[in-house]
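Colleague: Below: one structure in structure tokens.
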2 protein chains.
Amino acid sequence: MNFPIDLEKLINYYKKLPGIGERSAERLAIATIEFNNEEIEEFSKTLINAKNNLTRCTICGHITDNEICDICNSENRNQNLICVVEDYKSVFSFEKSGKFKGTYHVLNGLISPIDDIGPEDINLASLENRVSKLKEVELILALKPTIEGEATTLYIKKILESKNVTISRLSYGIPIGADIDYLDNVTLEKALEDRKKISE
Amino acid sequence: MNFPIDLEKLINYYKKLPGIGERSAERLAIATIEFNNEEIEEFSKTLINAKNNLTRCTICGHITDNEICDICNSENRNQNLICVVEDYKSVFSFEKSGKFKGTYHVLNGLISPIDDIGPEDINLASLENRVSKLKEVELILALKPTIEGEATTLYIKKILESKNVTISRLSYGIPIGADIDYLDNVTLEKALEDRKKISE
């Protein structure tokens, strides 16, 4: 199957995106060349702008088009409640749920000795700095339950527990709607460990 | 949920593509800004190139980056067997099946009195011209079975049947793998009409 070369190239870019296979990429590319000239030019410029104009918030490390992100800048957010996440995608997930009214700290990675990623390679110094400027602060560690997530959680606990900080982590357990019969062993084990008393 | 403005714009472009909803568009946009700078620039250029460099084959009307498309240019394709299709997407579908060794003629539309689209508005003059230059030619009309498809089929039959042309259309019938119980009435009716003798 030979597509004209420029169409083929466009298909190949779409194929790099998550969840886009051969067929979908073809469909997207063909739909794209049916955009009008103005739309195509804007789309093309937007790609460059999205890459070039997005930077990191100097406070929390989330992506933003300003020096300080909207969340850190907001008067309605509790600046003393900081949810620590691995990357900015987690911020989008929390924001979408709309329930969290604190702020974030984006580590931009996790400690991973096996990959030679130490505490100095991720956005931790700024977290320490940020915490020491606040009087009373609660940190919620929302890191994934893997070796790297646990290592990072332990490290943060170690460097910050001497300060005036309450540290918690997200609870592990059964996802809402899941069938217990199909859960993996580790999740079941964690759900047992993290069990919550419901009677006095 | 507030995304940075340039990311939001990118999400909106992805949402214009077929089959891409809110969530997928977000996922695609976030994956896109994780491309490296070089990839983003190439992607951006490819969009413009795919739009600007693609033109119509002067013989058949298929999209191509040359004056004449690879199919019309090929010595391995039967130039006297012409499959008439509505748009270039149909060409891609046939080419993917890999079974058709003739050439195509892309009408770039169908006759539709209700939308004020007459024979002169679609790529028909060039088909007439093309056919009259060939000695013996078979036309396969591969147009969709709608009022517009039928109208176009009848018109082509009318203008070309006086010439030395064999005209056929694709068979209608049950798609392979389909369950007869779930077929619509019109398809069933067509499958009955187009039934094929299997005994002598």
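Quick note on naming: the chains in the structure tokens go A, B, ... in the order shown, residues restart at 1 in each chain, and ligands are numbered from 1 in order of appearance.
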Residues of chain B near chain A: apply a cut-off of 7 Å, count only C-alpha atoms, and supply the list as a VMD selection string.

Modeller: chain B and resid 1 4 6 to 7 9 to 10 13 17 to 18 28 31 33 40 to 41 43 to 51 64 to 65 95 to 96

Colleague: I want to know what sits within 12 Å of Ser74 in chain B, based on only C-alpha atoms, with residues of the same chain fewer than 5 positions away left out; could you give that as a ChimeraX atom specification?

Modeller: /B:68-69,79,101-103

Colleague: DSSP on the backbone: which residues in range 101-143 of chain A end up as strand (DSSP E or B)? Give the answer as a PyMOL selection string.

Modeller: chain A and resi 102-106+112+117+137-142

Colleague: Could the residues in this selection be saved with N, CA, C and O atoms as a JSON list (two decimals), in the first residue's frame?

Modeller:
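In the end it all went to again-v8.json:
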[["chain", "number", "residue", "atom", "x", "y", "z"],
["A", 102, "GLY", "N", -6.06, 21.71, 47.61],
["A", 102, "GLY", "CA", -4.72, 22.14, 47.98],
["A", 102, "GLY", "C", -3.90, 22.48, 46.75],
["A", 102, "GLY", "O", -4.45, 22.82, 45.70],
["A", 103, "THR", "N", -2.59, 22.40, 46.88],
["A", 103, "THR", "CA", -1.69, 22.64, 45.74],
["A", 103, "THR", "C", -0.90, 21.36, 45.47],
["A", 103, "THR", "O", -1.10, 20.34, 46.13],
["A", 104, "TYR", "N", 0.00, 21.43, 44.49],
["A", 104, "TYR", "CA", 0.76, 20.24, 44.11],
["A", 104, "TYR", "C", 2.25, 20.51, 44.20],
["A", 104, "TYR", "O", 2.70, 21.66, 44.25],
["A", 105, "HIS", "N", 2.99, 19.41, 44.18],
["A", 105, "HIS", "CA", 4.42, 19.52, 43.91],
["A", 105, "HIS", "C", 4.79, 18.39, 42.95],
["A", 105, "HIS", "O", 4.62, 17.21, 43.27],
["A", 106, "VAL", "N", 5.26, 18.78, 41.78],
["A", 106, "VAL", "CA", 5.55, 17.80, 40.73],
["A", 106, "VAL", "C", 7.03, 17.42, 40.78],
["A", 106, "VAL", "O", 7.90, 18.25, 40.54],
["A", 112, "SER", "N", 15.25, 6.20, 41.62],
["A", 112, "SER", "CA", 15.39, 4.85, 41.10],
["A", 112, "SER", "C", 16.86, 4.49, 40.98],
["A", 112, "SER", "O", 17.50, 4.76, 39.96],
["A", 117, "ILE", "N", 18.90, 7.22, 39.11],
["A", 117, "ILE", "CA", 18.21, 8.48, 39.38],
["A", 117, "ILE", "C", 18.16, 8.69, 40.89],
["A", 117, "ILE", "O", 17.51, 7.93, 41.62],
["A", 137, "VAL", "N", 2.30, 22.48, 57.53],
["A", 137, "VAL", "CA", 1.99, 21.97, 56.20],
["A", 137, "VAL", "C", 1.68, 20.48, 56.25],
["A", 137, "VAL", "O", 2.25, 19.72, 57.04],
["A", 138, "GLU", "N", 0.71, 20.08, 55.41],
["A", 138, "GLU", "CA", 0.46, 18.65, 55.25],
["A", 138, "GLU", "C", 0.86, 18.23, 53.84],
["A", 138, "GLU", "O", 0.44, 18.83, 52.85],
["A", 139, "LEU", "N", 1.69, 17.20, 53.77],
["A", 139, "LEU", "CA", 2.09, 16.64, 52.48],
["A", 139, "LEU", "C", 1.30, 15.36, 52.24],
["A", 139, "LEU", "O", 1.27, 14.49, 53.11],
["A", 140, "ILE", "N", 0.67, 15.26, 51.07],
["A", 140, "ILE", "CA", 0.04, 13.98, 50.69],
["A", 140, "ILE", "C", 0.88, 13.38, 49.58],
["A", 140, "ILE", "O", 0.98, 13.96, 48.49],
["A", 141, "LEU", "N", 1.52, 12.26, 49.84],
["A", 141, "LEU", "CA", 2.33, 11.64, 48.80],
["A", 141, "LEU", "C", 1.45, 10.78, 47.92],
["A", 141, "LEU", "O", 0.85, 9.80, 48.38],
["A", 142, "ALA", "N", 1.34, 11.16, 46.65],
["A", 142, "ALA", "CA", 0.49, 10.43, 45.71],
["A", 142, "ALA", "C", 1.38, 9.81, 44.65],
["A", 142, "ALA", "O", 1.29, 10.15, 43.47]]

Colleague: Have a look at CA of Ser132 in chain A and CA of Ile159 in chain A and let me know their distance in Å, one decimal.

Modeller: 11.3 Å

Colleague: Within 8 Å of range 187-196 of chain B, which residues of range 89-173 of chain B come that close, and what is the closest atom pair and distance in Å for each? Count only C-alpha atoms and give it as JSON lines.

Modeller:
{"residue": "B:Ser171", "atom": "CA", "partner": "B:Asp194", "partner_atom": "CA", "distance": 6.7}
{"residue": "B:Tyr172", "atom": "CA", "partner": "B:Lys190", "partner_atom": "CA", "distance": 5.9}
{"residue": "B:Gly173", "atom": "CA", "partner": "B:Ala191", "partner_atom": "CA", "distance": 4.0}

Colleague: Produce a file of the selected residues containing all heavy atoms, as a CSV table (one decimal), in the first residue's frame.

Modeller:
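result-v4.csv was written with the following content:
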chain,number,residue,atom,x,y,z
B,171,SER,N,-21.1,-5.9,-6.7
B,171,SER,CA,-22.3,-6.6,-6.3
B,171,SER,C,-22.7,-6.1,-4.9
B,171,SER,O,-21.9,-5.7,-4.1
B,171,SER,CB,-22.0,-8.1,-6.2
B,171,SER,OG,-21.0,-8.4,-5.2
B,172,TYR,N,-24.0,-6.1,-4.7
B,172,TYR,CA,-24.5,-5.8,-3.3
B,172,TYR,C,-24.7,-7.2,-2.6
B,172,TYR,O,-25.0,-8.2,-3.3
B,172,TYR,CB,-25.8,-5.1,-3.4
B,172,TYR,CG,-25.8,-3.8,-4.1
B,172,TYR,CD1,-26.8,-3.3,-4.9
B,172,TYR,CD2,-24.6,-3.0,-4.0
B,172,TYR,CE1,-26.8,-2.1,-5.6
B,172,TYR,CE2,-24.6,-1.7,-4.7
B,172,TYR,CZ,-25.6,-1.3,-5.5
B,172,TYR,OH,-25.6,-0.1,-6.1
B,173,GLY,N,-24.7,-7.2,-1.3
B,173,GLY,CA,-25.0,-8.5,-0.7
B,173,GLY,C,-24.6,-8.5,0.8
B,173,GLY,O,-24.3,-7.4,1.4

Colleague: Within chain A, find each residue whose DSSP state, derived from the backbone, is alpha helix (DSSP H), and express the selection as a PyMOL selection string.

Modeller: chain A and resi 5-15+22-33+37-53+70-73+88-97+125-133+147-160+185-193

Colleague: Counting only C-alpha atoms, what is within 10 Å of Glu120 in chain A, bar same-chain residues fewer than 4 positions away, as a PyMOL selection string?

Modeller: chain A and resi 111+124-125

Colleague: Could you save the residues just selected, with C-alpha atoms, as an mmCIF file, in the first residue's frame?

Modeller:
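Below is the file out15.cif, written as the result:
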data_model
loop_
_atom_site.group_PDB
_atom_site.id
_atom_site.type_symbol
_atom_site.label_atom_id
_atom_site.label_comp_id
_atom_site.auth_asym_id
_atom_site.auth_seq_id
_atom_site.Cartn_x
_atom_site.Cartn_y
_atom_site.Cartn_z
ATOM 1 C CA ILE A 111 14.144 7.969 42.857
ATOM 2 C CA LEU A 124 13.002 17.546 45.638
ATOM 3 C CA ALA A 125 15.235 20.429 46.730
#

Colleague: What gap, in Å, lies between CA of Cys72 in chain A and CA of Cys57 in chain A?

Modeller: 8.3 Å

Colleague: Can you work out which one of A:Ser168, A:Asn108, A:Asn80, A:Asn123 has the shortest atom-to-atom distance to Glu136 in chain A, counting only C-alpha atoms?

Modeller: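 Answer, going by the shortest atom-to-atom distance: A:Asn80.
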
Colleague: So how many Å separate CA of Leu110 in chain B and CA of Ala25 in chain A, to one decimal?

Modeller: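 Going from CA of Leu110 in chain B over to CA of Ala25 in chain A covers 26.7 Å.
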
Colleague: I'd like the neighbourhood of Lys135 in chain A as a ChimeraX atom specification, where a residue qualifies if any of its atoms comes within 10 Å (using only C-alpha atoms), though same-chain residues fewer than 4 positions away should be ignored.

Modeller: /A:80,131,163-165

Colleague: Selected residues, C-alpha atoms, written as a CSV table (one decimal), in the first residue's frame, please.

Modeller:
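So the final result, stored in part_38.csv, reads:
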chain,number,residue,atom,x,y,z
A,80,ASN,CA,-0.3,24.5,53.2
A,131,VAL,CA,8.1,23.3,53.1
A,163,LYS,CA,10.2,19.6,60.3
A,164,ASN,CA,6.7,20.7,61.2
A,165,VAL,CA,5.1,18.6,58.6
